[in-house]
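Worksheet for the structure shown next.
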Amino acid sequence: MFHNGEVAWPNDHAEAAINALAAAGHEILGLDARTLFPDGGVTEVPISAGAFRSPSAGGDDVEQARLDALAALPFAKSEGTHVLVTW
């Protein structure tokens, strides 16, 4: 059974979330930039996506996915108020 999901983090918490998920053995599959508006509206822009592998239990895939997510993070933060992290 795979344990995956996605959560949107405020931009200033996204890096810590990526690192914590990877430390727990979760492979980051992608990032989206999300903007939340006061009226309840939301926009979302895909920023990065992994190779669409099945989530692994750890190892090199997890570390490479963490590095890829961190590399894409500045762009995600520039495009929205939150970063949606999918693992």
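Lettering and numbering for the structure tokens are positional, with chains as A, B, ... in the shown order, residues counted from 1 in each chain, and ligands counted from 1 in the shown order.
Those residues in chain A carrying a DSSP assignment of strand (DSSP E or B), computed from the backbone, are Glu6, Val7, Ala8, Trp9, Pro10, Gly30, Leu31, Asp32, Ala33, Arg34, Thr35, Leu36, Val42, Thr43, Glu44, Val45, Pro46, Ile47, Ser48, Ala49, His82, Val83, Leu84, Val85 and Thr86 of chain A.
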Could you write those residues out with N, CA, C and O atoms, as a compact mmCIF listing (two decimals), in the first residue's frame?
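This went into again-v3.txt:
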# COMPACT_ATOMS: atom_id res chain seq x y z
N GLU A 6 -1.28 15.05 -1.03
CA GLU A 6 -0.82 16.38 -1.36
C GLU A 6 -1.37 17.37 -0.35
O GLU A 6 -2.48 17.19 0.16
N VAL A 7 -0.56 18.36 -0.07
CA VAL A 7 -0.93 19.42 0.87
C VAL A 7 -0.35 20.72 0.35
O VAL A 7 0.79 20.75 -0.11
N ALA A 8 -1.11 21.79 0.45
CA ALA A 8 -0.62 23.12 0.09
C ALA A 8 -0.04 23.78 1.33
O ALA A 8 -0.68 23.81 2.38
N TRP A 9 1.18 24.27 1.20
CA TRP A 9 1.87 24.93 2.29
C TRP A 9 2.09 26.39 1.92
O TRP A 9 2.39 26.69 0.77
N PRO A 10 1.98 27.31 2.88
CA PRO A 10 2.37 28.69 2.59
C PRO A 10 3.82 28.70 2.09
O PRO A 10 4.63 27.86 2.50
N GLY A 30 5.72 16.11 -7.30
CA GLY A 30 5.56 17.35 -8.05
C GLY A 30 5.16 18.51 -7.17
O GLY A 30 4.78 18.34 -6.00
N LEU A 31 5.28 19.70 -7.75
CA LEU A 31 4.88 20.95 -7.09
C LEU A 31 3.94 21.72 -7.99
O LEU A 31 4.09 21.72 -9.21
N ASP A 32 2.97 22.37 -7.38
CA ASP A 32 2.09 23.31 -8.07
C ASP A 32 2.14 24.62 -7.31
O ASP A 32 2.25 24.62 -6.08
N ALA A 33 2.05 25.73 -8.03
CA ALA A 33 1.92 27.04 -7.40
C ALA A 33 0.43 27.29 -7.22
O ALA A 33 -0.36 27.14 -8.17
N ARG A 34 0.03 27.66 -6.04
CA ARG A 34 -1.37 27.89 -5.74
C ARG A 34 -1.53 29.29 -5.14
O ARG A 34 -0.75 29.69 -4.29
N THR A 35 -2.53 30.00 -5.62
CA THR A 35 -2.85 31.31 -5.05
C THR A 35 -4.26 31.24 -4.49
O THR A 35 -5.19 30.82 -5.18
N LEU A 36 -4.38 31.61 -3.23
CA LEU A 36 -5.68 31.66 -2.56
C LEU A 36 -6.11 33.12 -2.49
O LEU A 36 -5.35 33.98 -2.06
N VAL A 42 -9.37 30.19 -6.08
CA VAL A 42 -8.06 29.54 -6.09
C VAL A 42 -7.60 29.42 -7.53
O VAL A 42 -8.38 29.10 -8.42
N THR A 43 -6.32 29.71 -7.76
CA THR A 43 -5.71 29.35 -9.04
C THR A 43 -4.55 28.41 -8.74
O THR A 43 -3.94 28.48 -7.68
N GLU A 44 -4.28 27.53 -9.69
CA GLU A 44 -3.21 26.56 -9.50
C GLU A 44 -2.48 26.38 -10.82
O GLU A 44 -3.11 26.24 -11.87
N VAL A 45 -1.15 26.41 -10.75
CA VAL A 45 -0.30 26.26 -11.93
C VAL A 45 0.68 25.12 -11.68
O VAL A 45 1.45 25.18 -10.71
N PRO A 46 0.69 24.09 -12.53
CA PRO A 46 1.68 23.01 -12.37
C PRO A 46 3.08 23.57 -12.59
O PRO A 46 3.31 24.32 -13.53
N ILE A 47 4.00 23.21 -11.71
CA ILE A 47 5.37 23.70 -11.81
C ILE A 47 6.34 22.58 -12.16
O ILE A 47 7.18 22.73 -13.03
N SER A 48 6.24 21.47 -11.47
CA SER A 48 7.16 20.37 -11.74
C SER A 48 6.44 19.06 -11.51
O SER A 48 5.47 18.99 -10.77
N ALA A 49 6.96 18.03 -12.16
CA ALA A 49 6.41 16.69 -11.97
C ALA A 49 7.53 15.69 -12.02
O ALA A 49 8.46 15.84 -12.82
N HIS A 82 1.06 29.88 -2.20
CA HIS A 82 1.25 28.58 -1.54
C HIS A 82 1.90 27.62 -2.55
O HIS A 82 1.78 27.82 -3.75
N VAL A 83 2.52 26.59 -2.01
CA VAL A 83 3.09 25.54 -2.85
C VAL A 83 2.37 24.24 -2.50
O VAL A 83 2.36 23.82 -1.35
N LEU A 84 1.75 23.65 -3.50
CA LEU A 84 1.09 22.35 -3.33
C LEU A 84 2.14 21.28 -3.58
O LEU A 84 2.73 21.22 -4.66
N VAL A 85 2.43 20.49 -2.57
CA VAL A 85 3.44 19.43 -2.65
C VAL A 85 2.70 18.10 -2.75
O VAL A 85 1.89 17.77 -1.89
N THR A 86 2.99 17.36 -3.81
CA THR A 86 2.41 16.03 -3.99
C THR A 86 3.50 15.00 -3.76
O THR A 86 4.60 15.12 -4.28
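For the residues A:His13, A:Gly40, A:Gly5, A:Asp68, ranking by smallest atom-to-atom distance to A:His26 using only C-alpha atoms places A:Gly5 first.
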- Write out as a ChimeraX atom specification all residues of chain A that DSSP puts in alpha helix (DSSP H) for this structure's backbone. /A:11-23,60-79
